Structure formats: structure tokens, C-alpha cells
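Dumped structure10.cif below, it's mmCIF, C-alpha atoms:
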```cif
data_work
loop_
_atom_site.group_PDB
_atom_site.id
_atom_site.type_symbol
_atom_site.label_atom_id
_atom_site.label_comp_id
_atom_site.auth_asym_id
_atom_site.auth_seq_id
_atom_site.Cartn_x
_atom_site.Cartn_y
_atom_site.Cartn_z
ATOM 1 C CA MET A 1 -22.382 17.350 -113.546
ATOM 2 C CA MET A 2 -24.108 18.716 -116.637
ATOM 3 C CA LYS A 3 -23.151 15.666 -118.715
ATOM 4 C CA GLU A 4 -24.515 13.279 -116.101
ATOM 5 C CA LYS A 5 -27.845 15.042 -115.840
ATOM 6 C CA ASN A 6 -28.222 15.553 -119.572
ATOM 7 C CA ALA A 7 -27.343 11.916 -120.225
ATOM 8 C CA SER A 8 -30.737 10.855 -118.855
ATOM 9 C CA PHE A 9 -32.356 12.521 -121.854
ATOM 10 C CA GLU A 10 -31.036 9.737 -124.136
ATOM 11 C CA GLY A 11 -30.439 12.327 -126.850
ATOM 12 C CA TYR A 12 -34.024 13.493 -127.423
ATOM 13 C CA PHE A 13 -36.857 15.637 -126.064
ATOM 14 C CA ILE A 14 -40.609 15.062 -126.122
ATOM 15 C CA LEU A 15 -42.555 18.068 -127.409
ATOM 16 C CA LEU A 16 -45.894 17.907 -125.590
ATOM 17 C CA GLY A 17 -47.441 20.511 -127.902
ATOM 18 C CA PHE A 18 -51.230 20.210 -127.892
ATOM 19 C CA SER A 19 -51.382 16.670 -126.474
ATOM 20 C CA ASN A 20 -53.746 17.918 -123.740
ATOM 21 C CA TRP A 21 -56.358 18.291 -126.506
ATOM 22 C CA PRO A 22 -56.002 15.038 -128.475
ATOM 23 C CA HIS A 23 -59.426 15.568 -130.086
ATOM 24 C CA LEU A 24 -58.168 18.873 -131.554
ATOM 25 C CA GLU A 25 -54.937 17.542 -133.053
ATOM 26 C CA VAL A 26 -56.485 16.487 -136.381
ATOM 27 C CA VAL A 27 -58.273 19.840 -136.721
ATOM 28 C CA LEU A 28 -55.084 21.709 -135.829
ATOM 29 C CA PHE A 29 -53.116 19.639 -138.349
ATOM 30 C CA VAL A 30 -55.471 20.592 -141.194
ATOM 31 C CA VAL A 31 -55.689 24.288 -140.213
ATOM 32 C CA ILE A 32 -51.937 24.677 -139.665
ATOM 33 C CA LEU A 33 -51.160 22.860 -142.930
ATOM 34 C CA ILE A 34 -53.453 25.258 -144.827
ATOM 35 C CA PHE A 35 -51.812 28.305 -143.253
ATOM 36 C CA TYR A 36 -48.332 26.864 -143.892
ATOM 37 C CA LEU A 37 -49.118 26.309 -147.577
ATOM 38 C CA MET A 38 -50.508 29.864 -147.751
ATOM 39 C CA THR A 39 -47.246 31.111 -146.237
ATOM 40 C CA LEU A 40 -45.127 29.212 -148.746
ATOM 41 C CA ILE A 41 -47.167 30.240 -151.799
ATOM 42 C CA GLY A 42 -47.759 33.878 -150.767
ATOM 43 C CA ASN A 43 -44.188 34.665 -149.773
ATOM 44 C CA LEU A 44 -42.666 32.841 -152.751
ATOM 45 C CA PHE A 45 -45.021 34.843 -154.961
ATOM 46 C CA ILE A 46 -43.718 38.149 -153.541
ATOM 47 C CA ILE A 47 -40.065 37.070 -153.878
ATOM 48 C CA VAL A 48 -40.467 35.894 -157.496
ATOM 49 C CA VAL A 49 -42.524 38.887 -158.673
ATOM 50 C CA SER A 50 -40.195 41.394 -156.971
ATOM 51 C CA TYR A 51 -37.178 39.729 -158.584
ATOM 52 C CA LEU A 52 -38.592 39.363 -162.115
ATOM 53 C CA ASP A 53 -40.257 42.759 -162.549
ATOM 54 C CA PRO A 54 -37.791 45.689 -162.934
ATOM 55 C CA HIS A 55 -40.477 48.158 -161.802
ATOM 56 C CA LEU A 56 -40.333 46.560 -158.335
ATOM 57 C CA HIS A 57 -36.565 46.900 -157.992
ATOM 58 C CA THR A 58 -37.015 49.542 -155.308
ATOM 59 C CA PRO A 59 -35.914 49.649 -151.649
ATOM 60 C CA MET A 60 -39.470 48.963 -150.458
ATOM 61 C CA TYR A 61 -39.809 45.718 -152.433
ATOM 62 C CA PHE A 62 -36.201 44.738 -151.749
ATOM 63 C CA PHE A 63 -36.938 44.784 -148.012
ATOM 64 C CA LEU A 64 -40.350 43.190 -148.569
ATOM 65 C CA SER A 65 -38.617 40.299 -150.373
ATOM 66 C CA ASN A 66 -36.276 39.947 -147.394
ATOM 67 C CA LEU A 67 -39.290 39.877 -145.072
ATOM 68 C CA SER A 68 -40.944 37.182 -147.218
ATOM 69 C CA PHE A 69 -37.784 35.065 -147.182
ATOM 70 C CA LEU A 70 -37.498 35.534 -143.417
ATOM 71 C CA ASP A 71 -41.116 34.438 -142.938
ATOM 72 C CA LEU A 72 -40.541 31.365 -145.117
ATOM 73 C CA CYS A 73 -37.516 30.347 -143.038
ATOM 74 C CA TYR A 74 -39.158 31.265 -139.729
ATOM 75 C CA THR A 75 -42.247 29.105 -140.235
ATOM 76 C CA THR A 76 -40.209 26.246 -141.715
ATOM 77 C CA SER A 77 -37.979 26.184 -138.622
ATOM 78 C CA SER A 78 -40.866 24.948 -136.452
ATOM 79 C CA ILE A 79 -44.058 24.136 -138.400
ATOM 80 C CA PRO A 80 -42.967 20.932 -140.262
ATOM 81 C CA GLN A 81 -41.944 19.457 -136.891
ATOM 82 C CA LEU A 82 -45.305 20.489 -135.416
ATOM 83 C CA LEU A 83 -47.219 18.923 -138.330
ATOM 84 C CA PHE A 84 -45.235 15.700 -137.912
ATOM 85 C CA ASN A 85 -46.045 15.611 -134.197
ATOM 86 C CA LEU A 86 -49.743 16.332 -134.760
ATOM 87 C CA TRP A 87 -50.036 13.626 -137.422
ATOM 88 C CA GLY A 88 -48.929 10.677 -135.273
ATOM 89 C CA PRO A 89 -48.141 9.562 -131.735
ATOM 90 C CA GLU A 90 -44.405 10.249 -132.159
ATOM 91 C CA LYS A 91 -43.649 13.652 -130.621
ATOM 92 C CA THR A 92 -39.892 13.509 -130.158
ATOM 93 C CA ILE A 93 -37.112 15.766 -131.392
ATOM 94 C CA SER A 94 -33.412 14.993 -131.074
ATOM 95 C CA TYR A 95 -31.219 17.002 -128.733
ATOM 96 C CA ALA A 96 -29.254 18.347 -131.719
ATOM 97 C CA GLY A 97 -32.533 19.067 -133.553
ATOM 98 C CA CYS A 98 -33.839 20.995 -130.554
ATOM 99 C CA MET A 99 -30.638 23.068 -130.347
ATOM 100 C CA THR A 100 -30.804 23.788 -134.080
ATOM 101 C CA GLN A 101 -34.487 24.709 -133.946
ATOM 102 C CA LEU A 102 -34.002 27.044 -130.972
ATOM 103 C CA TYR A 103 -31.078 28.756 -132.709
ATOM 104 C CA PHE A 104 -32.957 29.408 -135.951
ATOM 105 C CA VAL A 105 -36.237 30.431 -134.277
ATOM 106 C CA LEU A 106 -34.385 33.019 -132.164
ATOM 107 C CA ALA A 107 -32.191 34.162 -135.068
ATOM 108 C CA LEU A 108 -34.999 34.581 -137.577
ATOM 109 C CA GLY A 109 -37.394 36.140 -135.058
ATOM 110 C CA SER A 110 -34.756 38.674 -133.960
ATOM 111 C CA SER A 111 -33.854 39.441 -137.577
ATOM 112 C CA GLU A 112 -37.504 40.086 -138.405
ATOM 113 C CA CYS A 113 -37.806 42.582 -135.547
ATOM 114 C CA VAL A 114 -34.796 44.506 -136.898
ATOM 115 C CA LEU A 115 -36.025 44.267 -140.496
ATOM 116 C CA LEU A 116 -39.373 45.811 -139.574
ATOM 117 C CA VAL A 117 -37.438 48.784 -138.139
ATOM 118 C CA VAL A 118 -35.499 49.105 -141.416
ATOM 119 C CA MET A 119 -38.763 48.994 -143.391
ATOM 120 C CA SER A 120 -40.251 51.740 -141.216
ATOM 121 C CA TYR A 121 -37.111 53.854 -141.800
ATOM 122 C CA ASP A 122 -37.548 53.332 -145.543
ATOM 123 C CA ARG A 123 -41.124 54.631 -145.329
ATOM 124 C CA TYR A 124 -39.950 57.555 -143.168
ATOM 125 C CA ALA A 125 -37.355 58.519 -145.810
ATOM 126 C CA ALA A 126 -39.936 58.165 -148.624
ATOM 127 C CA VAL A 127 -42.577 60.343 -146.928
ATOM 128 C CA CYS A 128 -40.549 62.805 -144.864
ATOM 129 C CA ARG A 129 -37.477 63.188 -147.118
ATOM 130 C CA PRO A 130 -38.873 62.581 -150.629
ATOM 131 C CA LEU A 131 -36.362 64.839 -152.424
ATOM 132 C CA HIS A 132 -33.406 63.024 -150.845
ATOM 133 C CA TYR A 133 -34.964 59.537 -150.864
ATOM 134 C CA ASN A 134 -32.873 58.115 -153.731
ATOM 135 C CA VAL A 135 -29.692 59.405 -152.104
ATOM 136 C CA ILE A 136 -30.584 58.138 -148.619
ATOM 137 C CA MET A 137 -31.851 54.711 -149.715
ATOM 138 C CA HIS A 138 -29.060 54.012 -152.172
ATOM 139 C CA PRO A 139 -29.002 50.338 -153.342
ATOM 140 C CA ARG A 140 -25.631 49.717 -151.671
ATOM 141 C CA PHE A 141 -26.924 51.188 -148.382
ATOM 142 C CA CYS A 142 -30.040 48.990 -148.625
ATOM 143 C CA GLN A 143 -27.810 45.937 -149.037
ATOM 144 C CA TYR A 144 -25.791 46.947 -145.969
ATOM 145 C CA LEU A 145 -28.998 47.329 -143.953
ATOM 146 C CA ALA A 146 -30.214 43.898 -145.065
ATOM 147 C CA VAL A 147 -26.887 42.257 -144.152
ATOM 148 C CA ALA A 148 -26.853 44.044 -140.777
ATOM 149 C CA THR A 149 -30.382 42.779 -140.119
ATOM 150 C CA TRP A 150 -29.453 39.135 -140.675
ATOM 151 C CA VAL A 151 -26.078 39.344 -138.917
ATOM 152 C CA SER A 152 -27.536 41.001 -135.800
ATOM 153 C CA GLY A 153 -30.246 38.349 -135.419
ATOM 154 C CA PHE A 154 -27.973 35.355 -135.982
ATOM 155 C CA THR A 155 -25.208 36.715 -133.736
ATOM 156 C CA ALA A 156 -27.595 37.428 -130.856
ATOM 157 C CA SER A 157 -29.155 33.987 -131.257
ATOM 158 C CA ALA A 158 -25.757 32.261 -131.115
ATOM 159 C CA LEU A 159 -25.080 33.863 -127.731
ATOM 160 C CA HIS A 160 -28.562 33.376 -126.305
ATOM 161 C CA SER A 161 -29.176 29.798 -127.463
ATOM 162 C CA SER A 162 -25.725 28.615 -126.244
ATOM 163 C CA PHE A 163 -26.401 30.253 -122.868
ATOM 164 C CA THR A 164 -29.744 28.424 -122.695
ATOM 165 C CA PHE A 165 -28.303 24.976 -123.483
ATOM 166 C CA TRP A 166 -25.442 25.511 -121.037
ATOM 167 C CA VAL A 167 -27.967 25.216 -118.198
ATOM 168 C CA PRO A 168 -27.890 21.756 -116.517
ATOM 169 C CA LEU A 169 -31.105 19.824 -117.164
ATOM 170 C CA CYS A 170 -32.990 17.578 -114.766
ATOM 171 C CA GLY A 171 -34.508 14.113 -115.103
ATOM 172 C CA HIS A 172 -37.514 14.490 -117.410
ATOM 173 C CA ASN A 173 -37.273 15.497 -121.054
ATOM 174 C CA GLN A 174 -40.810 16.718 -121.709
ATOM 175 C CA VAL A 175 -40.884 20.220 -123.241
ATOM 176 C CA ASP A 176 -44.296 21.775 -122.651
ATOM 177 C CA HIS A 177 -44.484 23.478 -126.050
ATOM 178 C CA PHE A 178 -44.761 22.629 -129.741
ATOM 179 C CA PHE A 179 -41.211 23.811 -130.495
ATOM 180 C CA CYS A 180 -37.982 24.309 -128.556
ATOM 181 C CA GLU A 181 -38.509 27.690 -126.886
ATOM 182 C CA VAL A 182 -36.328 29.339 -124.234
ATOM 183 C CA PRO A 183 -38.903 29.643 -121.374
ATOM 184 C CA ALA A 184 -40.105 26.056 -121.886
ATOM 185 C CA LEU A 185 -36.534 24.697 -121.880
ATOM 186 C CA LEU A 186 -35.579 26.677 -118.777
ATOM 187 C CA LYS A 187 -38.376 24.888 -116.893
ATOM 188 C CA LEU A 188 -36.434 21.626 -117.345
ATOM 189 C CA SER A 189 -33.448 23.010 -115.440
ATOM 190 C CA CYS A 190 -32.595 21.933 -111.916
ATOM 191 C CA ALA A 191 -30.337 24.980 -111.412
ATOM 192 C CA ASP A 192 -31.037 28.624 -110.672
ATOM 193 C CA THR A 193 -32.232 30.158 -113.965
ATOM 194 C CA ARG A 194 -32.605 33.765 -112.811
ATOM 195 C CA ALA A 195 -29.563 34.802 -114.868
ATOM 196 C CA ASN A 196 -31.126 33.183 -117.950
ATOM 197 C CA GLU A 197 -34.472 34.860 -117.308
ATOM 198 C CA LEU A 198 -32.711 38.221 -116.940
ATOM 199 C CA THR A 199 -30.838 37.584 -120.196
ATOM 200 C CA LEU A 200 -34.132 36.731 -121.906
ATOM 201 C CA MET A 201 -35.674 39.967 -120.648
ATOM 202 C CA VAL A 202 -32.678 42.037 -121.798
ATOM 203 C CA MET A 203 -32.620 40.384 -125.233
ATOM 204 C CA SER A 204 -36.373 40.859 -125.567
ATOM 205 C CA SER A 205 -36.011 44.537 -124.713
ATOM 206 C CA ILE A 206 -33.243 44.977 -127.307
ATOM 207 C CA PHE A 207 -34.932 43.039 -130.107
ATOM 208 C CA VAL A 208 -38.619 43.649 -129.326
ATOM 209 C CA LEU A 209 -39.200 46.751 -127.211
ATOM 210 C CA LEU A 210 -36.477 48.966 -128.740
ATOM 211 C CA PRO A 211 -37.444 48.140 -132.356
ATOM 212 C CA LEU A 212 -41.097 48.808 -131.542
ATOM 213 C CA LEU A 213 -40.213 52.235 -130.085
ATOM 214 C CA LEU A 214 -38.141 53.077 -133.179
ATOM 215 C CA ILE A 215 -40.983 51.991 -135.471
ATOM 216 C CA LEU A 216 -43.514 54.084 -133.571
ATOM 217 C CA SER A 217 -41.124 57.066 -133.706
ATOM 218 C CA SER A 218 -40.806 56.684 -137.486
ATOM 219 C CA TYR A 219 -44.542 56.547 -137.946
ATOM 220 C CA GLY A 220 -45.045 59.437 -135.557
ATOM 221 C CA ALA A 221 -42.854 61.542 -137.858
ATOM 222 C CA ILE A 222 -44.724 60.179 -140.902
ATOM 223 C CA ALA A 223 -48.105 61.036 -139.356
ATOM 224 C CA TRP A 224 -46.915 64.605 -138.654
ATOM 225 C CA THR A 225 -45.734 65.004 -142.255
ATOM 226 C CA VAL A 226 -48.936 63.499 -143.672
ATOM 227 C CA LEU A 227 -51.115 65.897 -141.675
ATOM 228 C CA LYS A 228 -49.366 68.813 -143.400
ATOM 229 C CA MET A 229 -49.964 67.413 -146.901
ATOM 230 C CA GLN A 230 -52.409 69.140 -149.220
ATOM 231 C CA SER A 231 -52.771 66.426 -151.892
ATOM 232 C CA GLY A 232 -55.615 63.977 -151.280
ATOM 233 C CA THR A 233 -54.087 61.432 -153.682
ATOM 234 C CA GLY A 234 -50.749 61.603 -151.885
ATOM 235 C CA LEU A 235 -52.433 61.153 -148.534
ATOM 236 C CA GLN A 236 -54.310 58.092 -149.748
ATOM 237 C CA LYS A 237 -51.165 56.466 -151.142
ATOM 238 C CA VAL A 238 -49.203 57.103 -147.933
ATOM 239 C CA PHE A 239 -51.960 55.685 -145.742
ATOM 240 C CA LYS A 240 -52.221 52.543 -147.899
ATOM 241 C CA THR A 241 -48.494 51.804 -147.827
ATOM 242 C CA CYS A 242 -47.838 52.753 -144.215
ATOM 243 C CA GLY A 243 -51.110 51.271 -142.988
ATOM 244 C CA ALA A 244 -50.131 47.876 -144.413
ATOM 245 C CA HIS A 245 -46.753 48.032 -142.687
ATOM 246 C CA LEU A 246 -48.272 49.058 -139.357
ATOM 247 C CA LEU A 247 -50.729 46.166 -139.561
ATOM 248 C CA VAL A 248 -47.845 43.721 -140.136
ATOM 249 C CA VAL A 249 -45.950 45.255 -137.200
ATOM 250 C CA SER A 250 -49.005 44.897 -134.933
ATOM 251 C CA LEU A 251 -49.638 41.274 -135.923
ATOM 252 C CA PHE A 252 -46.023 40.362 -135.150
ATOM 253 C CA PHE A 253 -45.053 42.502 -132.163
ATOM 254 C CA ILE A 254 -48.206 42.280 -130.030
ATOM 255 C CA PRO A 255 -48.204 38.460 -129.640
ATOM 256 C CA VAL A 256 -44.393 38.386 -129.275
ATOM 257 C CA MET A 257 -44.606 40.960 -126.463
ATOM 258 C CA CYS A 258 -47.286 38.864 -124.759
ATOM 259 C CA ILE A 259 -44.831 35.949 -124.672
ATOM 260 C CA TYR A 260 -41.419 37.495 -124.018
ATOM 261 C CA LEU A 261 -42.141 40.735 -122.122
ATOM 262 C CA GLN A 262 -44.507 39.260 -119.561
ATOM 263 C CA PRO A 263 -43.323 37.718 -116.272
ATOM 264 C CA PRO A 264 -43.423 33.883 -116.352
ATOM 265 C CA SER A 265 -45.923 33.808 -113.474
ATOM 266 C CA GLY A 266 -48.286 36.144 -115.316
ATOM 267 C CA LYS A 267 -49.116 33.876 -118.248
ATOM 268 C CA SER A 268 -50.654 30.480 -118.823
ATOM 269 C CA GLN A 269 -48.493 27.945 -120.664
ATOM 270 C CA GLU A 270 -51.470 26.748 -122.700
ATOM 271 C CA GLN A 271 -52.399 30.317 -123.617
ATOM 272 C CA GLY A 272 -48.774 30.937 -124.582
ATOM 273 C CA LYS A 273 -48.847 28.017 -127.046
ATOM 274 C CA PHE A 274 -51.781 29.478 -128.957
ATOM 275 C CA ILE A 275 -50.210 32.952 -128.964
ATOM 276 C CA ALA A 276 -46.973 31.442 -130.311
ATOM 277 C CA LEU A 277 -49.022 29.543 -132.890
ATOM 278 C CA PHE A 278 -50.442 32.869 -134.071
ATOM 279 C CA TYR A 279 -47.129 34.622 -134.733
ATOM 280 C CA THR A 280 -45.401 31.527 -136.148
ATOM 281 C CA VAL A 281 -48.241 30.362 -138.424
ATOM 282 C CA VAL A 282 -50.943 33.000 -138.948
ATOM 283 C CA THR A 283 -48.901 36.212 -139.200
ATOM 284 C CA PRO A 284 -46.436 34.971 -141.888
ATOM 285 C CA SER A 285 -49.374 33.756 -143.999
ATOM 286 C CA LEU A 286 -51.192 37.094 -143.745
ATOM 287 C CA ASN A 287 -48.201 39.318 -144.581
ATOM 288 C CA PRO A 288 -48.316 38.632 -148.360
ATOM 289 C CA LEU A 289 -52.066 39.300 -148.417
ATOM 290 C CA ILE A 290 -51.695 42.548 -146.475
ATOM 291 C CA TYR A 291 -48.932 43.870 -148.741
ATOM 292 C CA THR A 292 -50.386 42.730 -152.086
ATOM 293 C CA LEU A 293 -54.131 43.174 -151.540
ATOM 294 C CA ARG A 294 -55.230 46.285 -153.480
ATOM 295 C CA ASN A 295 -51.551 46.950 -154.314
ATOM 296 C CA LYS A 296 -51.455 48.457 -157.814
ATOM 297 C CA ASP A 297 -47.680 47.978 -158.166
ATOM 298 C CA VAL A 298 -47.899 44.224 -157.605
ATOM 299 C CA LYS A 299 -51.014 43.858 -159.769
ATOM 300 C CA GLY A 300 -49.262 45.771 -162.555
ATOM 301 C CA ALA A 301 -46.170 43.562 -162.188
ATOM 302 C CA VAL A 302 -48.272 40.385 -162.471
ATOM 303 C CA LYS A 303 -50.019 41.719 -165.601
ATOM 304 C CA ARG A 304 -46.674 42.573 -167.190
ATOM 305 C CA LEU A 305 -45.205 39.155 -166.373
ATOM 306 C CA LEU A 306 -48.255 37.383 -167.817
ATOM 307 C CA GLY A 307 -48.385 39.676 -170.844
ATOM 308 C CA TRP A 308 -51.880 40.951 -170.037
ATOM 309 C CA ASP A 309 -50.839 44.611 -170.291
ATOM 310 C CA ARG A 310 -50.005 44.149 -173.993
ATOM 311 C CA GLU A 311 -53.420 42.616 -174.681
ATOM 312 C CA MET A 312 -55.114 45.650 -173.187
#
```
Please re-express this file's structure in C-alpha cells.
Amino acid sequence: MMKEKNASFEGYFILLGFSNWPHLEVVLFVVILIFYLMTLIGNLFIIVVSYLDPHLHTPMYFFLSNLSFLDLCYTTSSIPQLLFNLWGPEKTISYAGCMTQLYFVLALGSSECVLLVVMSYDRYAAVCRPLHYNVIMHPRFCQYLAVATWVSGFTASALHSSFTFWVPLCGHNQVDHFFCEVPALLKLSCADTRANELTLMVMSSIFVLLPLLLILSSYGAIAWTVLKMQSGTGLQKVFKTCGAHLLVVSLFFIPVMCIYLQPPSGKSQEQGKFIALFYTVVTPSLNPLIYTLRNKDVKGAVKRLLGWDREM
């Protein structure tokens, strides 16, 4: 039965995206292209500088490089397709392309949620256990955490995306989104999708709600430790580093929660597209600015790489 119903799709989907606002498509193309280029340049900058400068070979910048690489992959999994669709009348994506896109969007998004927890644990160890920090965040342990982050996201995505595409699809092939997303694809089903919706809620709780609670717990402990500090310089440094991380967490988790932890009946599909646009385009482009703006370590690394420190 599934093959017969899916055969009517002729091997492709139509991504409706922002076709309801044809007069905005050119503006959106330009804006999204600018943010995408910012994402590519900013995150590549962090990866290259962190790799080339030995002073940045620390757990914090190791995980920050992983975050930058994740953001590069995450935006590239959906934004080039969106730009192609906005540029011309062709808005199709192949069935295999849709499956691949869904898999990588879920995998990279889940991995980023876990990675942000790891980064908060790193800051917890640095602030609350400074004397044992080098022992706790040993390079080998950091590598294990990074591998666990990627493996957990890609494994969960393999299960969830296959479960989504196992659902029999009905006659029309119009996906009311700008990329292949689970809720939008489930709306094409002519079967009962309550099991899929429950799975989506469970996965969202594991990879969104639980990580957020762990992050808040880490920063609760950090805040308690900071309040007991006597050094004004130490306080300022902690607030700068942890404040940047909390801002990144907020920019990623808040819009994701609005999409995946809200009942389907409680949100507008059009509103959901713009929220998804924010965390797939805007947030990854802002992360490099948030972490490097007024960051003395990165500025010092750039000066050393360019040879400016020797001139001074």
C-alpha cells in the first residue's frame, strides 16, 4: 500500500516555502544569502584560528570549533536549497534529497543540543572546579565527549527520520515549509500519525528539554560560585565567557522549543517558517560574533597569526 501511494509523488516533493509572499522572495533571497555568507566566513574563521594558534588549543576552543563546524553543516543542509527555490520558479526536491535533508537537519540539530550541554559542563568545570580543571577536561576526555555528541545526534536521527518516511503518504506532494521537516511531512500522511507525533515529542524532550535543564543546572552552579568570588577581574571574565554561551543557548533553544515543544494546533505554519528561518539562518551567523566580539584570546590569536604582536 505504501508503494502505491508514494508512487504518485513521481519521486519529488514541492517545497512551498514562502510562495505565499512572492513579492518578498527577492528580499528574502538577498537577506538569507548575506546571513549564509556571514555564517560561512565567521565559523570558518573560528575553526582556522583555533586550529592554527597553539594558545587556543584548550577545551573551550576545541568545543567552540566543533560548534562552528556543526553550524556550517547545519545551515548548508537546508539554506542552499532554500536559496535555489527563492531564486526561480522551480521549488522541487527529490524524494531521496528530502530524506537526506531531513536526516542531516535532525542529526546536526540534535548534536548541537548535546554539544551546548558539553560546553556548559566545560564552563562549570572551569569556574567551579578550577584546581581540577585540567584533570577533568583532559584532551582525551574532550575527544570522547565530542565523538559522543556527534554519534548521539546521528543515531537518533537515523531512527527518527526512518520512522517518519515509513508513514504512507497521500496524493499531493506539497510540503508546506522551506525544508523537509518532520511536522510538515507528517501532514502529507493519510494514516494515523499519533505515534509519530508522540515520538517527535519524546525526541524533543530528550534532545531539547533535557539538555536545556542540564545547561541551566550548570549555570545555576556557576552563578552560585561566582557570587562567592572576591576578585572583580575574575567576576568580569566569568560573566563575559558564560554570558556569551548563555546568549548562544537562548538564541538556539528558544525558537527550537517554539517549534518542537508546542502542540501542532497551537502554532501557525507561517509563523513556524519564520521561527525556523531564525534558528537555521540567523543564529549560526551570530554565534561567531557573540564568541569573538570583545574576546581578547581571539584578538590576540589573530595578531599573532598576522605578525602584528611582533611589530608592537
Closest to Tyr291 (chain A) among A:Val248, A:Ala148, A:Leu56, A:Met257, using all atoms listed in the file?
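Going through A:Val248, A:Ala148, A:Leu56, A:Met257 one by one, the smallest distance to Tyr291 (chain A) is for A:Val248.
Distance-wise, CA of Ile32 (chain A) and CA of Val48 (chain A) end up 24.0 Å apart.
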I'd like the box whose edges run along x, y and z of the file and which contains every listed atom of region 51-62 of chain A, padded by 6 Å per side; could you state its centre and edge lengths in Å, one decimal, as AutoDock Vina command-line options?
```
--center_x -38.2 --center_y 44.5 --center_z -156.7 --size_x 16.6 --size_y 22.3 --size_z 24.5
```
Can you work out which one of A:Met60, A:Leu28, A:Val281, A:Leu214 has the shortest atom-to-atom distance to Met119 (chain A), counting all atoms listed in the file?
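Of all the options, A:Met60 lies closest to Met119 (chain A).
Shown here are all protein and nucleic acid residues lying within 8 Å of (-29.9, 25.8, -114.0), with only C-alpha atoms considered: Val167, Pro168, Leu169, Leu186, Ser189, Cys190, Ala191, Asp192 and Thr193 of chain A.
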List the residues sitting within 10 Å of (-47.2, 41.9, -160.8) in the file's frame, using all atoms listed in the file, as a PyMOL selection string.
chain A and resi 45-46+48-50+52-53+55-56+292+295-306
Kindly save the residues from that selection, with C-alpha atoms included, as a PDB file, keeping the file's coordinate frame.
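part-v6.pdb, freshly written:
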```pdb
ATOM      1  CA  PHE A  45     -45.021  34.843-154.961  1.00  0.00           C
ATOM      2  CA  ILE A  46     -43.718  38.149-153.541  1.00  0.00           C
ATOM      3  CA  VAL A  48     -40.467  35.894-157.496  1.00  0.00           C
ATOM      4  CA  VAL A  49     -42.524  38.887-158.673  1.00  0.00           C
ATOM      5  CA  SER A  50     -40.195  41.394-156.971  1.00  0.00           C
ATOM      6  CA  LEU A  52     -38.592  39.363-162.115  1.00  0.00           C
ATOM      7  CA  ASP A  53     -40.257  42.759-162.549  1.00  0.00           C
ATOM      8  CA  HIS A  55     -40.477  48.158-161.802  1.00  0.00           C
ATOM      9  CA  LEU A  56     -40.333  46.560-158.335  1.00  0.00           C
ATOM     10  CA  THR A 292     -50.386  42.730-152.086  1.00  0.00           C
ATOM     11  CA  ASN A 295     -51.551  46.950-154.314  1.00  0.00           C
ATOM     12  CA  LYS A 296     -51.455  48.457-157.814  1.00  0.00           C
ATOM     13  CA  ASP A 297     -47.680  47.978-158.166  1.00  0.00           C
ATOM     14  CA  VAL A 298     -47.899  44.224-157.605  1.00  0.00           C
ATOM     15  CA  LYS A 299     -51.014  43.858-159.769  1.00  0.00           C
ATOM     16  CA  GLY A 300     -49.262  45.771-162.555  1.00  0.00           C
ATOM     17  CA  ALA A 301     -46.170  43.562-162.188  1.00  0.00           C
ATOM     18  CA  VAL A 302     -48.272  40.385-162.471  1.00  0.00           C
ATOM     19  CA  LYS A 303     -50.019  41.719-165.601  1.00  0.00           C
ATOM     20  CA  ARG A 304     -46.674  42.573-167.190  1.00  0.00           C
ATOM     21  CA  LEU A 305     -45.205  39.155-166.373  1.00  0.00           C
ATOM     22  CA  LEU A 306     -48.255  37.383-167.817  1.00  0.00           C
TER      23      LEU A 306
END
```
The PyMOL selection byres ((chain A and resi 180) around 10) - which residues does that actually catch in the file I just gave you? List them as a list in words.
Phe13, Ile14, Leu15, Ser78, Ile93, Tyr95, Gly97, Cys98, Met99, Thr100, Gln101, Leu102, Tyr103, Val105, Val175, Asp176, His177, Phe178, Phe179, Glu181, Val182, Pro183, Ala184 and Leu185 of chain A
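Coordinates place CA of Met137 (chain A) at a distance of 15.4 Å from CA of Thr149 (chain A).
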Hey, can you check how far CA of Thr225 (chain A) sits from CA of Ser250 (chain A)?
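Answer for the CA of Thr225 (chain A) to CA of Ser250 (chain A) separation: 21.6 Å.
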With all atoms listed in the file as the atoms that count, which of A:Leu213, A:Leu72, A:Ala146, A:Ile275 lies nearest to Met38 (chain A)?
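Closest candidate: A:Leu72.
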Pick from A:Met229, A:Leu188, A:Leu64, A:Leu198 nearest to Cys128 (chain A), counting all atoms listed in the file:
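Ranking A:Met229, A:Leu188, A:Leu64, A:Leu198 by distance to Cys128 (chain A), first place goes to A:Met229.
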Considering all atoms listed in the file, can you say which of A:Ser157, A:Leu70, A:Ile79, A:Pro255 comes closest to Gln271 (chain A)?
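Distance minimum relative to Gln271 (chain A) lands on A:Pro255.
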